Amino acid sequence: MIEWVKGMLAAVTMEQVIVQAIGIVAMAFNILSFQCKKQRSIIVMQFFGSLFFCVHFYLDGAMTGALLNAVAVVRALVYSNKEKLKSDHVAWLALFIGASIACYPVAFLWLDAPTDKWYYFVLELLPVVGMTLSTFSFRADGAKGLRLLWFFSSPLWLIYNICHHSIGGTVCECFAIVSILTAMFRLDRKPKEEPTPELK
């Protein structure tokens with residue numbers, strides 16, 4: 001067992017360490033984002049998380065993930081400037097959903113995503129669906145709705161990250177699910193109504 005671990009560590013290159021380190025930085029931004037009280041603060045933190053994940057996935061050869069995170073960077077910029085860019089307009093929603101869907105064929109046709117196994121076509125579709133859900137979350141009414149939609153998006157990204165051996169991405173989605181649940185419990189629950197005192 002010890003020899004197996006030594007062999008695994010010996011096979012790790014400095015490039016792989018850097019790639020995983022970038023993913024871990026991205027992870028930190030995304031996890032912390034869900035503890036923010038304001039929707040704009042969540043989006044700004046997601047901007048930096050997406051930026052680092054874009055680089056991480058590109059260097060790791062996970063092209064669909066890289067493309068989707070590039071779209072997520074632009075999306076965060078737009079939705080964090082609602083007043084200036086009128087991001088509530090349905091045209092922005094259609095644009096980002098269309099861009100997310102377009103990432104799927106682009107990854108296979110131009111960026112050499114693997115096609116030798118049938119399940120790659122299913123695997124690369126998972127983050128596209130996840131991205132679409134999270135795009136709808138940016139139009140949600142407040143942080144509560146954003147967290148709810150993101151909760152359903154995270155498991156799809158989790159499977160994708162595990163299959164692409166992304167340590168930062170995998171840990172990020174695990175923590176994101178826990179973080180979202182924690183924030184839902186801490187911030188989104190309705191306060192218990194105090195019993196009305198009986199009049200004597």
# chains A, B, ... in the order shown; residues from 1 in each chain; ligands from 1
call {"tool": "select_by_dssp", "arguments": {"residues": "segment 60-115 of chain A", "states": "alpha helix (DSSP H)", "output": "PyMOL selection string"}}
result
chain A and resi 60+63-79+82-85+90-109
call {"tool": "residues_around", "arguments": {"residues": "segment 176-190 of chain A", "least_positions_apart": "3", "cutoff": "12 Å", "atoms": "only C-alpha atoms", "output": "ChimeraX atom specification"}}
result
/A:26-38,42,46,49,142-158,168-173,193-194
call {"tool": "write_last_selection", "arguments": {"atoms": "N, CA and C atoms", "output": "CSV table (one decimal), in the first residue's frame"}}
result
chain,number,residue,atom,x,y,z
A,26,ALA,N,-10.4,28.6,-6.8
A,26,ALA,CA,-11.8,28.8,-7.3
A,26,ALA,C,-12.8,28.2,-6.3
A,27,MET,N,-12.5,27.1,-5.7
A,27,MET,CA,-13.4,26.4,-4.7
A,27,MET,C,-13.7,27.4,-3.6
A,28,ALA,N,-12.6,28.0,-3.1
A,28,ALA,CA,-12.8,28.9,-1.9
A,28,ALA,C,-13.8,30.0,-2.2
A,29,PHE,N,-13.6,30.7,-3.4
A,29,PHE,CA,-14.6,31.7,-3.7
A,29,PHE,C,-16.0,31.3,-3.8
A,30,ASN,N,-16.2,30.1,-4.4
A,30,ASN,CA,-17.6,29.6,-4.6
A,30,ASN,C,-18.2,29.2,-3.3
A,31,ILE,N,-17.4,28.6,-2.4
A,31,ILE,CA,-18.0,28.1,-1.1
A,31,ILE,C,-18.4,29.3,-0.3
A,32,LEU,N,-17.5,30.3,-0.2
A,32,LEU,CA,-17.8,31.5,0.6
A,32,LEU,C,-19.0,32.3,0.1
A,33,SER,N,-19.2,32.2,-1.2
A,33,SER,CA,-20.3,33.1,-1.9
A,33,SER,C,-21.6,32.8,-1.3
A,34,PHE,N,-21.9,31.5,-0.9
A,34,PHE,CA,-23.2,31.2,-0.4
A,34,PHE,C,-23.5,31.7,1.0
A,35,GLN,N,-22.5,32.1,1.7
A,35,GLN,CA,-22.7,32.7,3.0
A,35,GLN,C,-23.0,34.2,3.0
A,36,CYS,N,-22.9,34.8,1.8
A,36,CYS,CA,-23.2,36.2,1.7
A,36,CYS,C,-24.7,36.4,1.8
A,37,LYS,N,-25.0,37.5,2.4
A,37,LYS,CA,-26.5,37.8,2.7
A,37,LYS,C,-27.1,38.5,1.4
A,38,LYS,N,-26.3,39.3,0.7
A,38,LYS,CA,-26.9,40.0,-0.4
A,38,LYS,C,-26.6,39.3,-1.7
A,42,ILE,N,-23.1,37.6,-3.6
A,42,ILE,CA,-22.9,36.2,-4.0
A,42,ILE,C,-22.4,36.2,-5.5
A,46,GLN,N,-19.0,34.7,-7.0
A,46,GLN,CA,-19.1,33.7,-8.1
A,46,GLN,C,-18.3,34.1,-9.3
A,49,GLY,N,-14.8,32.9,-8.6
A,49,GLY,CA,-14.8,31.5,-8.7
A,49,GLY,C,-14.8,30.9,-10.1
A,142,GLY,N,-34.1,37.6,-5.1
A,142,GLY,CA,-33.3,37.6,-3.8
A,142,GLY,C,-32.4,36.4,-3.7
A,143,ALA,N,-31.7,36.4,-2.6
A,143,ALA,CA,-30.7,35.3,-2.4
A,143,ALA,C,-31.3,34.0,-2.1
A,144,LYS,N,-32.5,33.9,-1.5
A,144,LYS,CA,-33.1,32.7,-1.2
A,144,LYS,C,-33.4,31.8,-2.5
A,145,GLY,N,-34.0,32.5,-3.5
A,145,GLY,CA,-34.2,31.8,-4.7
A,145,GLY,C,-33.0,31.4,-5.4
A,146,LEU,N,-32.0,32.2,-5.4
A,146,LEU,CA,-30.7,31.9,-6.0
A,146,LEU,C,-30.1,30.6,-5.4
A,147,ARG,N,-30.1,30.6,-4.1
A,147,ARG,CA,-29.5,29.4,-3.4
A,147,ARG,C,-30.3,28.1,-3.7
A,148,LEU,N,-31.6,28.2,-3.8
A,148,LEU,CA,-32.4,27.1,-4.1
A,148,LEU,C,-32.1,26.4,-5.5
A,149,LEU,N,-32.1,27.3,-6.5
A,149,LEU,CA,-31.8,26.8,-7.8
A,149,LEU,C,-30.3,26.3,-7.9
A,150,TRP,N,-29.4,26.9,-7.2
A,150,TRP,CA,-28.0,26.5,-7.3
A,150,TRP,C,-27.9,25.1,-6.6
A,151,PHE,N,-28.7,24.9,-5.6
A,151,PHE,CA,-28.7,23.6,-4.9
A,151,PHE,C,-28.9,22.4,-5.9
A,152,PHE,N,-29.8,22.6,-6.9
A,152,PHE,CA,-30.1,21.6,-7.8
A,152,PHE,C,-29.0,21.5,-8.9
A,153,SER,N,-28.3,22.6,-9.1
A,153,SER,CA,-27.2,22.6,-10.1
A,153,SER,C,-26.0,21.9,-9.6
A,154,SER,N,-25.7,22.0,-8.3
A,154,SER,CA,-24.4,21.5,-7.8
A,154,SER,C,-24.2,20.0,-8.0
A,155,PRO,N,-25.2,19.1,-7.8
A,155,PRO,CA,-24.9,17.7,-8.0
A,155,PRO,C,-24.5,17.3,-9.4
A,156,LEU,N,-25.0,18.1,-10.4
A,156,LEU,CA,-24.6,17.8,-11.8
A,156,LEU,C,-23.1,18.1,-12.0
A,157,TRP,N,-22.7,19.3,-11.5
A,157,TRP,CA,-21.3,19.7,-11.5
A,157,TRP,C,-20.4,18.7,-10.7
A,158,LEU,N,-20.9,18.2,-9.6
A,158,LEU,CA,-20.2,17.3,-8.8
A,158,LEU,C,-19.8,16.0,-9.6
A,168,GLY,N,-10.4,20.4,-6.7
A,168,GLY,CA,-11.0,21.6,-6.3
A,168,GLY,C,-12.5,21.6,-6.6
A,169,GLY,N,-12.8,21.2,-7.8
A,169,GLY,CA,-14.2,21.2,-8.3
A,169,GLY,C,-15.1,20.2,-7.5
A,170,THR,N,-14.5,19.0,-7.2
A,170,THR,CA,-15.3,18.0,-6.4
A,170,THR,C,-15.5,18.5,-5.0
A,171,VAL,N,-14.4,19.0,-4.3
A,171,VAL,CA,-14.6,19.5,-3.0
A,171,VAL,C,-15.5,20.7,-2.9
A,172,CYS,N,-15.4,21.5,-4.0
A,172,CYS,CA,-16.2,22.7,-4.1
A,172,CYS,C,-17.7,22.4,-4.1
A,173,GLU,N,-18.1,21.5,-4.9
A,173,GLU,CA,-19.5,21.1,-5.0
A,173,GLU,C,-20.0,20.5,-3.7
A,193,GLU,N,-43.2,31.9,14.8
A,193,GLU,CA,-44.1,33.0,15.3
A,193,GLU,C,-44.3,32.8,16.8
A,194,GLU,N,-44.1,33.9,17.5
A,194,GLU,CA,-44.3,33.8,19.0
A,194,GLU,C,-45.8,33.6,19.3
call {"tool": "residues_around", "arguments": {"residues": "Phe47 of chain A", "least_positions_apart": "4", "cutoff": "8 Å", "atoms": "only C-alpha atoms", "output": "PyMOL selection string"}}
result
chain A and resi 43+51+72-73+76-77
call {"tool": "write_last_selection", "arguments": {"atoms": "all heavy atoms", "output": "PDB file, in the first residue's frame"}}
result
ATOM      1  N   ILE A  43     -22.985  37.042  -6.302  1.00  0.00           N
ATOM      2  CA  ILE A  43     -22.623  37.057  -7.717  1.00  0.00           C
ATOM      3  C   ILE A  43     -21.174  37.478  -7.915  1.00  0.00           C
ATOM      4  O   ILE A  43     -20.452  36.908  -8.738  1.00  0.00           O
ATOM      5  CB  ILE A  43     -23.584  37.981  -8.502  1.00  0.00           C
ATOM      6  CG1 ILE A  43     -25.002  37.391  -8.485  1.00  0.00           C
ATOM      7  CG2 ILE A  43     -23.116  38.159  -9.942  1.00  0.00           C
ATOM      8  CD1 ILE A  43     -26.064  38.310  -9.043  1.00  0.00           C
ATOM      9  N   LEU A  51     -13.932  32.501 -12.813  1.00  0.00           N
ATOM     10  CA  LEU A  51     -12.709  32.886 -13.513  1.00  0.00           C
ATOM     11  C   LEU A  51     -11.597  31.863 -13.265  1.00  0.00           C
ATOM     12  O   LEU A  51     -10.937  31.386 -14.201  1.00  0.00           O
ATOM     13  CB  LEU A  51     -12.268  34.276 -13.053  1.00  0.00           C
ATOM     14  CG  LEU A  51     -11.056  34.885 -13.762  1.00  0.00           C
ATOM     15  CD1 LEU A  51     -11.339  35.090 -15.237  1.00  0.00           C
ATOM     16  CD2 LEU A  51     -10.675  36.208 -13.106  1.00  0.00           C
ATOM     17  N   ALA A  72     -19.907  31.875 -17.518  1.00  0.00           N
ATOM     18  CA  ALA A  72     -20.291  32.264 -16.154  1.00  0.00           C
ATOM     19  C   ALA A  72     -19.612  33.562 -15.720  1.00  0.00           C
ATOM     20  O   ALA A  72     -20.188  34.349 -14.968  1.00  0.00           O
ATOM     21  CB  ALA A  72     -19.946  31.143 -15.176  1.00  0.00           C
ATOM     22  N   VAL A  73     -18.384  33.789 -16.177  1.00  0.00           N
ATOM     23  CA  VAL A  73     -17.668  35.027 -15.857  1.00  0.00           C
ATOM     24  C   VAL A  73     -18.426  36.228 -16.427  1.00  0.00           C
ATOM     25  O   VAL A  73     -18.675  37.216 -15.728  1.00  0.00           O
ATOM     26  CB  VAL A  73     -16.224  34.988 -16.408  1.00  0.00           C
ATOM     27  CG1 VAL A  73     -15.582  36.368 -16.346  1.00  0.00           C
ATOM     28  CG2 VAL A  73     -15.381  33.985 -15.622  1.00  0.00           C
ATOM     29  N   ALA A  76     -21.794  36.733 -14.623  1.00  0.00           N
ATOM     30  CA  ALA A  76     -21.654  37.375 -13.313  1.00  0.00           C
ATOM     31  C   ALA A  76     -21.441  38.879 -13.463  1.00  0.00           C
ATOM     32  O   ALA A  76     -21.976  39.673 -12.682  1.00  0.00           O
ATOM     33  CB  ALA A  76     -20.496  36.741 -12.541  1.00  0.00           C
ATOM     34  N   LEU A  77     -20.653  39.278 -14.466  1.00  0.00           N
ATOM     35  CA  LEU A  77     -20.439  40.702 -14.711  1.00  0.00           C
ATOM     36  C   LEU A  77     -21.744  41.412 -15.046  1.00  0.00           C
ATOM     37  O   LEU A  77     -22.019  42.514 -14.559  1.00  0.00           O
ATOM     38  CB  LEU A  77     -19.438  40.889 -15.866  1.00  0.00           C
ATOM     39  CG  LEU A  77     -17.962  40.682 -15.546  1.00  0.00           C
ATOM     40  CD1 LEU A  77     -17.136  40.742 -16.825  1.00  0.00           C
ATOM     41  CD2 LEU A  77     -17.464  41.734 -14.543  1.00  0.00           C
TER      42      LEU A  77
END
call {"tool": "closest_residue", "arguments": {"among": "A:Leu126, A:Arg75, A:Met63, A:Lys82", "to": "Cys103 of chain A", "atoms": "only C-alpha atoms"}}
result
A:Met63
call {"tool": "closest_residue", "arguments": {"among": "A:Ser80, A:Thr135, A:Val122, A:Pro127", "to": "Gly98 of chain A", "atoms": "only C-alpha atoms"}}
result
A:Thr135
call {"tool": "atom_distance", "arguments": {"atom1": "atom CA of Ala94 of chain A", "atom2": "atom CA of Thr64 of chain A"}}
result
19.2 Å
call {"tool": "closest_residue", "arguments": {"among": "A:Asn69, A:Thr13, A:Thr132, A:Ser100", "to": "Ser50 of chain A", "atoms": "only C-alpha atoms"}}
result
A:Asn69
call {"tool": "residues_around", "arguments": {"residues": "Tyr79 of chain A", "least_positions_apart": "5", "cutoff": "10 Å", "atoms": "only C-alpha atoms", "output": "ChimeraX atom specification"}}
result
/A:39-40,43-44,74,84-88,92,135,138-139
call {"tool": "closest_residue", "arguments": {"among": "A:Phe136, A:Leu125, A:Ala107, A:Phe175", "to": "Gly61 of chain A", "atoms": "only C-alpha atoms"}}
result
A:Ala107
